[in-house]
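Working notes for the structure below.
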Amino acid sequence: MNITQYLQYEFCTTTESMLSDRIKLAEALEKYQNGNFNVEQKSLFEDCVQKTILGEYDRYSFSDEMVKKLFHFSSQSKIKLYKQLIFFEAGKRLSGNTDNLSLKLLDEYGDKMDYGFYLSYTISEAKLNKLIHSIRPISILKESRSCIGHRNDVYIFCEKEIKKCIRTEDIISLITPYNDGSYIELPEYIRLLSHLLLRDKRYSLWVTLLTKVKYFPLQGALLYHIRTLQEFMSIFQELKRPNIIHRKVILHLLRDRYFHIISKQPQILHRGLKYLIHNRKGNYGIIYKRLLDEWNNDISSNTDTVFKYLSIQLGISNCSEWYSKKNNQYINGDKRFVEYEQKAIEEIGKIMSDLSNPAKWNVSITDINTLLYYISQTEIKQITTFRSKLLVQTLFDRLYNNSSYYHIQFNDESFKLLRQVYKCLVQSKLDPFQMLQSVRYANEGYNSDYKQVVQTRRGDTFWLSMLLLGTGEQENEPQFMRYVKILLDRVLAHVGDAKEYILPLYIAELVVTQVLKKRKADFETCIINNIPNLGLVLTTLLANQGDLSLPIKEILFERISEEWDIEKN
């Protein structure tokens with residue numbers, strides 16, 4: 001066992017809570033392998049190793065309490081260390097007798113052996129190859145368990161749904177976050193085989209195992225075993241070899257795994273380094289810093305390699321849609337919790353921007369998030385008026401006639417996006433007023449559909465916010481006031497139920513406070529006197545940070561007093 005490689009892997013994958021135990025084990029194993037480790041109570045140690053080999057001791061029966069009882073150790077760290085040394089030695093000796101090794105015996109090892117065994121146990125490549133080729137996908141299906149422990153769920157889904165799919169596209173259309181392998185427990189022999197192949201860098205055989213399991217839920221579960229960028233890139237290269245069955249399905253699953261690795265590995269490295277510095281383990285800090293330097297040097301080129309190939313295999317539109325969803329998922333998150341996910345999005349975004357080709361944008365069938373991503377690219381990509389018109393008109397149709405929507409928030413990213421949409425609208429030469437006239441008021445008509453009512457309000461929120469911000473910042477007062485009138489008409493049409501319109505009202509207040517100041521008093525008087533929902537009025541006025549003239553304050557106070565008297569009585 002190469003201790004340096006082991007530590008490098010652990011530093012990339014182990015959280016700080018486990019780091020101290022891993023370092024102590026590595027230091028002990030280095031001495032143990034060199035014959036410099038003083039094993040206490042050698043005869044008892046040997047007896048425990050023999051009983052582990054014979055199956056009398058396993059990770060369930062040979063607990064920390066038993067080790068403490070047998071060896072009379074008082075130190076908990078010493079108890080854990082000796083336990084893993086015993087399993088390590090058992091694994092090393094069992095490696096010498098694998099001629100009659102079967103999948104059944106491998107399953108027992110996977111179930112009953114503890115961590116130390118996984119570090120020392122080895123199987124020859126010829127034997128591994130033979131074991132992998134003896135695997136029957138149907139057996140794996142029957143032995144795999146879903147997240148709630150049912151063995152039949154995975155089997156039934158694969159047999160009934162996936163098996164009847166002929167085209168790769170049909171298989172990909174079935175993939176969801178709930179059946180992509182995230183919540184599947186594979187048989188122990190598969191997990192052990194996967195571990196051994198990855199540990200010993202037998203990536204070609206690992207890919208053979210991946211294709212052998214056949215069905216995407218099982219393949220997705222296997223892909224979760226890839227934990228470092230080095231492992232990912234090695235396997236990624238192997239997947240380029242010819243005759244990979246359902247290559248696109250695997251790449252579809254692998255894309256999410258790449259995002260997970262490049263958002264988690266640097267986080268683990270930074271936290272581990274901080275932990276070591278705090279605990280004054282400076283020698284290992286050097287390894288951490290080198291790993292971080294390698295990460296920073298390689299991440300851009302690796303991301304470029306991965307997404308150029310994915311764009312060829314899966315299509316640029318498919319990758320753009322995936323990226324836009326990831327971006328929407330994390331862009332407005334609190335940086336304290338999603339800092340590394342946002343950095344990963346930024347890194348991938350650079351490559352996607354370079355790869356993006358407006359002529360290949362599949363606008364007609366794409367969703368809102370992807371449309372907004374395309375529109376954000378129009379600042380750096382030269383597009384025609386026709387394509388601008390197609391983007392804006394399709395976005396408008398999606399906003400008002402699609403169950404999905406883009407949630408605009410009160411932050412710089414959302415406002416930047418609204419500005420980009422407005423610029424694209426101006427370039428398209430479409431008439432936004434005429435477009436709005438084509439949409440009925442949300443509650444208009446008899447027995448209106450509630451889902452359509454909500455969809456219309458959400459569409460109004462985005463579209464009017466964009467128009468008010470764009471015309472306001474352009475100081476186009478006539479157009480701005482025209483859209484203000486439309487906004488107030490729609491708010492008043494909903495009587496008291498108009499909370500979805502808070503964003504465009506808030507933006508309008510920002511504009512009259514900062515840009516079109518001479519319209520400020522008229523706008524504020526209008527909303528105070530006409531909007532029935534007092535909470536909506538007060539929230540809108542928060543945009544001016546308390547900058548109210550004395551006459552407006554008096555009008556607001558009078559309104560509040562009237563409401564208070566009504567509530568009291």
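Each chain in the structure tokens gets a letter, A, B and so on, in the order shown; residues start at 1 in every chain, and ligands are counted from 1 in the order they appear.
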Report task. Extract, using only C-alpha atoms, all DNA, RNA and protein residues at most 12 Å from Gln377 of chain A, discarding same-chain residues fewer than 2 positions from it, and format them as a ChimeraX atom specification. Result -> /A:320,324,349-350,352-358,361,370-375,379-383,388,391,417,420-421,423-424
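Residues surrounding Gln329 of chain A within 10 Å are Tyr323, Ser324, Glu341, Gln342, Ile345 and Asn369 of chain A [only C-alpha atoms; sequence separation below 5 positions excluded].
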Based on the selection just made, write N, CA and C atoms of those residues as a PDB file, in the first residue's frame.
ATOM      1  N   TYR A 323     -26.914  23.528 -17.954  1.00  0.00           N
ATOM      2  CA  TYR A 323     -26.178  24.593 -17.267  1.00  0.00           C
ATOM      3  C   TYR A 323     -27.122  25.664 -16.726  1.00  0.00           C
ATOM      4  N   SER A 324     -28.109  26.053 -17.517  1.00  0.00           N
ATOM      5  CA  SER A 324     -29.025  27.111 -17.078  1.00  0.00           C
ATOM      6  C   SER A 324     -29.803  26.695 -15.839  1.00  0.00           C
ATOM      7  N   GLU A 341     -20.356  25.797  -4.974  1.00  0.00           N
ATOM      8  CA  GLU A 341     -21.258  25.484  -6.089  1.00  0.00           C
ATOM      9  C   GLU A 341     -21.295  26.658  -7.065  1.00  0.00           C
ATOM     10  N   GLN A 342     -21.301  27.883  -6.531  1.00  0.00           N
ATOM     11  CA  GLN A 342     -21.301  29.067  -7.393  1.00  0.00           C
ATOM     12  C   GLN A 342     -19.996  29.183  -8.176  1.00  0.00           C
ATOM     13  N   ILE A 345     -20.227  26.698 -10.988  1.00  0.00           N
ATOM     14  CA  ILE A 345     -21.102  27.245 -12.031  1.00  0.00           C
ATOM     15  C   ILE A 345     -20.341  28.268 -12.878  1.00  0.00           C
ATOM     16  N   ASN A 369     -35.489  28.848 -18.175  1.00  0.00           N
ATOM     17  CA  ASN A 369     -34.125  29.025 -17.679  1.00  0.00           C
ATOM     18  C   ASN A 369     -33.113  29.068 -18.816  1.00  0.00           C
TER      19      ASN A 369
END
Report task. Name the closest residue to Val512 of chain A among the candidates A:Asp489, A:Glu89, A:Glu475, A:Glu231; distances are taken between atoms, counting only C-alpha atoms. Result ->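 So, comparing all the options, the nearest one is A:Glu475.
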Query - Distance of atom CA of Lys112 of chain A from atom CA of Asn36 of chain A, expressed in Å to one decimal place - result: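 Rounded to one decimal, the two atoms are 28.9 Å apart.
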Report summary line: Computed gap from atom CA of Arg227 of chain A to atom CA of Phe259 of chain A is 11.3 Å
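Counting from atom CA of Ile79 of chain A, the distance to atom CA of Val67 of chain A is 6.2 Å.
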**Report entry** Nearest-residue call for Arg145 of chain A, choices A:Glu346, A:Glu509, A:Glu188, A:Glu563, using only C-alpha atoms
**Finding:**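 Ranked by minimum distance to Arg145 of chain A, first place goes to A:Glu188.
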For the contact check between segment 190-247 of chain A and segment 271-291 of chain A, emit one row per residue of segment 190-247 of chain A within 12 Å, containing the shortest atom pair and the distance in Å rounded to one decimal, counting only C-alpha atoms, chain then rising number order, as CSV.
residue,atom,partner,partner_atom,distance
A:Thr228,CA,A:Leu291,CA,11.4
A:Leu229,CA,A:Leu291,CA,11.2
A:Gln230,CA,A:Leu291,CA,11.1
Limited to C-alpha atoms, could you put the picked residues into a file as an mmCIF file, in the first residue's frame?
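The result, stored in part_7.cif:
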data_model
loop_
_atom_site.group_PDB
_atom_site.id
_atom_site.type_symbol
_atom_site.label_atom_id
_atom_site.label_comp_id
_atom_site.auth_asym_id
_atom_site.auth_seq_id
_atom_site.Cartn_x
_atom_site.Cartn_y
_atom_site.Cartn_z
ATOM 1 C CA THR A 228 -11.842 12.812 -7.041
ATOM 2 C CA LEU A 229 -11.157 14.847 -10.150
ATOM 3 C CA GLN A 230 -8.238 12.574 -11.032
#
Applying 8 Å and only C-alpha atoms, which residues near Lys212 of chain A remain after dropping the ones on its own chain fewer than 5 positions away? List them as a PDB file with C-alpha atoms, in the first residue's frame.
ATOM      1  CA  ILE A 132     -16.666  -8.994 -13.827  1.00  0.00           C
ATOM      2  CA  HIS A 133     -17.534 -11.035 -16.890  1.00  0.00           C
ATOM      3  CA  ILE A 135     -21.758 -10.844 -13.441  1.00  0.00           C
ATOM      4  CA  ARG A 136     -25.382 -11.110 -14.565  1.00  0.00           C
ATOM      5  CA  PRO A 137     -27.259  -7.759 -14.686  1.00  0.00           C
TER       6      PRO A 137
END
Query raised in the report: Between A:Lys68, A:Arg419, A:Lys240, A:Arg440, which is the closest to Leu81 of chain A once you count only C-alpha atoms?
Result: A:Lys68
Requested in this report: Point out the residue among A:Ile262, A:Val306, A:Val454, A:Leu503 with the least atom-to-atom distance to Thr13 of chain A, counting only C-alpha atoms.
Outcome: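 For Thr13 of chain A, the nearest of the candidates is A:Ile262.
Proximity of A:Met435, A:Gln33, A:Phe73, A:Phe523 to Lys92 of chain A, computed with only C-alpha atoms, is greatest for A:Gln33.
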Query raised in the report: Residues at most 9 Å from Lys201 of chain A, counting only C-alpha atoms, excluding those fewer than 4 positions away in the same chain, as a VMD selection string?
Result: chain A and resid 196 to 197 206 231 234
Next, the residues of the selection above should be written as a PDB file, in the first residue's frame with C-alpha atoms.
ATOM      1  CA  LEU A 196     -10.706  -2.211  -5.622  1.00  0.00           C
ATOM      2  CA  LEU A 197     -10.657  -1.120  -9.265  1.00  0.00           C
ATOM      3  CA  TRP A 206     -14.007  -0.194 -13.980  1.00  0.00           C
ATOM      4  CA  GLU A 231     -10.511   9.508 -10.973  1.00  0.00           C
ATOM      5  CA  SER A 234      -9.242   8.981 -16.057  1.00  0.00           C
TER       6      SER A 234
END
Query raised in the report: Any idea what's packed within 9 Å of Asp58 of chain A, counting only C-alpha atoms, ignoring anything in its chain fewer than 5 positions away? Could you give it as a PyMOL selection string?
Result: chain A and resi 51-52+63+87+111-114
Requested in this report: Fewer than 5 positions away in the same chain doesn't count, so skip those; otherwise give me all residues within 12 Å of segment 97-102 of chain A, counting only C-alpha atoms, as a list in words.
Outcome: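 So the residues in contact are Ile53, Ala90, Gly91, Lys92, Asp107, Glu108, Tyr109, Tyr121, Thr122, Ile123, Ser124, Glu125, Ala126, Lys127, Leu128, Lys130, Leu131, Ile132, Ser134, Ile135, Tyr189 and Leu193 of chain A.
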Report summary line: Among A:Asp522, A:Glu169, A:Asp200, A:Asp298, Asn2 of chain A is approached most closely, using only C-alpha atoms, by A:Asp200
